[in-house]
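A quick write-up on the structure given underneath.
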Amino acid sequence: MANEFRLPDIGEGLTDAEIVEWQVKVGDEVAVDQPLVDMETAKAVVEITSPFAGVVLHLGGDEGDTVNVGDILFVVGEADEDWEPVPSSQFAVPSKKHERIEPAATSAGAVKAMPVVRKLAQERGVDLATLTGTGPGGAITRDDVLAATPTGPVVTDREERVQMSRMRRTIAANLTRSWQEIPHVTVQAEVDAGKLLETHRTFKEEGPFPLEALIARAALPLLVEFPEFNATVDGDDVILKRHYDLGFAIHTEAGLLVAVTHDSDQMTTTDLAAEIVRLAADARDRKLQPDDVAGHTFTISNIGALGAGGGTPIIPWGTTAIVSIGRAKDSPVVRDGELAIAPVAPISLSYDHRLIDGALGQRFLAGFVANLERIDEMVE
């Protein structure tokens with residue numbers, strides 16, 4: 001019996017995912033729980049395994065194709081078994097094949113062409129409206145475009161049009177939405193980072209220990225004291241969250257990710273550090289799971305790790321604040337009434353002005369600086 005596997009919702013509100021790499025081909029024998037395909041969602045690459053044993057009868061797309069939730073991703077059955085897809089009208093989610101070849105209006109009427117073909121035509125200066133498609137249902141194929149005479153500008157070696165990756169498109173959409181809809185305010189301060197860096201060096205003697213774990217320890221009591229910074233604005237309502245799921249900005253080759261340590265307030269400093277190390281490694285290896293990048297309530301960005309100074313961080317959508325710390329530099333400070341040279345780091349706090357006024361923002365920032373300057377007293 002042929003078993004159809006349809007793409008499930010493998011993340012918060014997932015509507016589709018992109019095929020990154022097939023690990024099998026049609027005709028291969030597979031076992032239960034064998035990895036079959038890597039799928040890229042908006043935030044992570046997820047490995048999907050087979051719930052069936054048998055022979056691969058059908059793959060629901062090529063590498064680089066987008067598959068909608070509810071579409072057939074693969075079919076596993078018995079060798080030499082005939083299989084025909086069930087009409088998509090029997091399912092709530094539209095079929096990928098119908099959606100991907102949706103006619104699009106042009107100057108010459110309606111043409112049928114998949115996104116990859118449209119992109120190729122744009123690069124080669126070919127007007128799709130002038131072509132007669134040789135594909136199924138009159139769809140224009142890649143070969144049709146390659147055989148056509150350019151009628152417009154062609155991409156040359158002086159420039160190149162490259163589509164953003166799925167992750168970069170998601171980052172762009174989320175940041176644009178945040179910037180357009182949230183009235184940002186950014187306040188800044190400087191912190192005497194002497195005790196912070198000294199405490200960090202002590203912990204690092206036992207093994208890998210990210211500075212972010214100490215920054216988190218300084219922030220957590222303030223999120224309890226000032227719940228507006230651990231909240232979501234929902235229309236005319238405010239959702240004050242009693243769980244503290246800290247997000248940490250992680251730089252990867254694919255783009256900036258915010259990985260999440262859930263219930264951070266329940267962790268020791270050492271456990272928090274270990275979880276951040278795991279998340280950073282999985283982020284760079286594209287192994288983060290959907291839960292690893294979902295549900296952060298407050299965000300910490302250590303831009304100093306990249307050599308940066310101050311900045312104006314953008315608040316992640318669905319939260320009300322983000323704090324960043326820059327690289328510490330030796331500067332003159334006053335300690336116990338005397339001038340001294342100490343490492344000083346810039347702090348930037350961006351918050352949602354719909355909920356947080358200037359006075360509250362300054363109180364949070366002052367408390368954060370104070371906690372960082374006595375961090376040696378706060379850690380276990």
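All residue names refer to the structure tokens as shown: chains lettered A, B, ... in order, residues numbered from 1 in each chain, ligands numbered from 1 in order.
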Who sits within 12 Å of range 274-286 of chain A, only C-alpha atoms, same chain under 3 positions skipped, as a VMD selection string: chain A and resid 20 38 to 41 43 to 47 167 203 to 204 206 to 216 246 to 264 267 to 271 289 to 293 300
Between A:Glu4, A:Asp144, A:Glu380, A:Glu228, smallest distance to Thr320 in chain A by only C-alpha atoms belongs to A:Glu228
Could you go through range 82-329 of chain A and tell me which residues DSSP, when run on the backbone, assigns to alpha helix (DSSP H), listing them as a PyMOL selection string? chain A and resi 96-100+115-124+142-147+166-181+194-204+212-225+269-284
C-alpha atoms of the current selection, written as an mmCIF file, in the first residue's frame:
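As a result, again-v1.cif now contains:
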data_model
loop_
_atom_site.group_PDB
_atom_site.id
_atom_site.type_symbol
_atom_site.label_atom_id
_atom_site.label_comp_id
_atom_site.auth_asym_id
_atom_site.auth_seq_id
_atom_site.Cartn_x
_atom_site.Cartn_y
_atom_site.Cartn_z
ATOM 1 C CA LYS A 96 1.549 22.761 -4.595
ATOM 2 C CA LYS A 97 1.402 21.895 -8.290
ATOM 3 C CA HIS A 98 -1.767 23.922 -8.779
ATOM 4 C CA GLU A 99 -0.401 26.881 -6.839
ATOM 5 C CA ARG A 100 3.039 26.954 -8.446
ATOM 6 C CA PRO A 115 9.210 30.988 -10.259
ATOM 7 C CA VAL A 116 12.593 29.563 -11.300
ATOM 8 C CA VAL A 117 11.617 29.986 -14.979
ATOM 9 C CA ARG A 118 10.429 33.564 -14.408
ATOM 10 C CA LYS A 119 13.720 34.373 -12.710
ATOM 11 C CA LEU A 120 15.697 32.897 -15.615
ATOM 12 C CA ALA A 121 13.631 34.906 -18.095
ATOM 13 C CA GLN A 122 14.288 38.103 -16.155
ATOM 14 C CA GLU A 123 18.020 37.433 -16.093
ATOM 15 C CA ARG A 124 18.133 36.719 -19.840
ATOM 16 C CA ARG A 142 13.366 26.502 -18.868
ATOM 17 C CA ASP A 143 14.206 25.205 -22.342
ATOM 18 C CA ASP A 144 11.632 27.580 -23.856
ATOM 19 C CA VAL A 145 13.400 30.521 -22.228
ATOM 20 C CA LEU A 146 16.881 29.341 -23.230
ATOM 21 C CA ALA A 147 15.756 29.000 -26.855
ATOM 22 C CA ARG A 166 14.310 31.994 2.696
ATOM 23 C CA MET A 167 15.943 32.940 6.002
ATOM 24 C CA ARG A 168 17.022 36.362 4.730
ATOM 25 C CA ARG A 169 13.537 37.027 3.338
ATOM 26 C CA THR A 170 12.048 36.177 6.719
ATOM 27 C CA ILE A 171 14.533 38.396 8.543
ATOM 28 C CA ALA A 172 13.747 41.255 6.182
ATOM 29 C CA ALA A 173 9.990 40.852 6.571
ATOM 30 C CA ASN A 174 10.105 40.624 10.365
ATOM 31 C CA LEU A 175 12.432 43.588 10.821
ATOM 32 C CA THR A 176 10.450 45.708 8.376
ATOM 33 C CA ARG A 177 7.239 44.916 10.213
ATOM 34 C CA SER A 178 8.847 45.706 13.563
ATOM 35 C CA TRP A 179 10.314 49.003 12.363
ATOM 36 C CA GLN A 180 7.083 50.100 10.705
ATOM 37 C CA GLU A 181 4.705 49.179 13.518
ATOM 38 C CA GLY A 194 35.824 45.184 34.987
ATOM 39 C CA LYS A 195 33.955 42.720 37.217
ATOM 40 C CA LEU A 196 31.972 41.382 34.265
ATOM 41 C CA LEU A 197 35.085 40.448 32.325
ATOM 42 C CA GLU A 198 36.891 39.165 35.427
ATOM 43 C CA THR A 199 33.951 36.907 36.301
ATOM 44 C CA HIS A 200 33.811 35.736 32.720
ATOM 45 C CA ARG A 201 37.488 34.783 32.782
ATOM 46 C CA THR A 202 36.931 32.782 35.979
ATOM 47 C CA PHE A 203 34.082 30.763 34.480
ATOM 48 C CA LYS A 204 36.006 30.190 31.227
ATOM 49 C CA GLU A 212 25.858 36.205 27.273
ATOM 50 C CA ALA A 213 25.157 33.933 30.255
ATOM 51 C CA LEU A 214 26.339 36.662 32.627
ATOM 52 C CA ILE A 215 24.479 39.353 30.699
ATOM 53 C CA ALA A 216 21.343 37.244 31.039
ATOM 54 C CA ARG A 217 21.884 36.853 34.770
ATOM 55 C CA ALA A 218 22.019 40.656 35.078
ATOM 56 C CA ALA A 219 18.817 41.105 33.055
ATOM 57 C CA LEU A 220 16.565 38.429 34.561
ATOM 58 C CA PRO A 221 15.772 40.134 37.908
ATOM 59 C CA LEU A 222 14.872 43.314 36.055
ATOM 60 C CA LEU A 223 12.392 41.482 33.817
ATOM 61 C CA VAL A 224 10.604 40.390 36.973
ATOM 62 C CA GLU A 225 10.749 43.881 38.487
ATOM 63 C CA THR A 269 24.369 30.364 35.292
ATOM 64 C CA THR A 270 26.395 27.310 34.249
ATOM 65 C CA ASP A 271 23.365 25.564 32.767
ATOM 66 C CA LEU A 272 22.376 28.737 30.942
ATOM 67 C CA ALA A 273 25.871 28.990 29.479
ATOM 68 C CA ALA A 274 25.797 25.364 28.329
ATOM 69 C CA GLU A 275 22.448 25.879 26.599
ATOM 70 C CA ILE A 276 23.716 29.001 24.807
ATOM 71 C CA VAL A 277 26.788 27.074 23.624
ATOM 72 C CA ARG A 278 24.551 24.304 22.267
ATOM 73 C CA LEU A 279 22.249 26.718 20.497
ATOM 74 C CA ALA A 280 25.147 28.600 18.912
ATOM 75 C CA ALA A 281 26.706 25.365 17.618
ATOM 76 C CA ASP A 282 23.399 24.083 16.247
ATOM 77 C CA ALA A 283 22.684 27.457 14.639
ATOM 78 C CA ARG A 284 25.963 27.448 12.748
#
Residues near Val333 in chain A, anyone? I mean within 9 Å using only C-alpha atoms, not counting same-chain ones fewer than 4 positions away, as a ChimeraX atom specification. /A:192,338-344
Could you take the residues named above and write them with C-alpha atoms, as a JSON list (two decimals), in the first residue's frame?
[["chain", "number", "residue", "atom", "x", "y", "z"],
["A", 192, "ASP", "CA", 32.39, 49.61, 33.96],
["A", 338, "GLU", "CA", 39.61, 58.24, 42.35],
["A", 339, "LEU", "CA", 40.41, 58.23, 38.67],
["A", 340, "ALA", "CA", 41.27, 54.86, 37.17],
["A", 341, "ILE", "CA", 41.55, 53.12, 33.83],
["A", 342, "ALA", "CA", 39.01, 50.35, 33.29],
["A", 343, "PRO", "CA", 37.30, 48.46, 30.46],
["A", 344, "VAL", "CA", 34.12, 50.35, 29.58]]
Go ahead and compute the interatomic distance for CA of Leu57 in chain A and CA of Val32 in chain A, in Å to one decimal. 15.2 Å
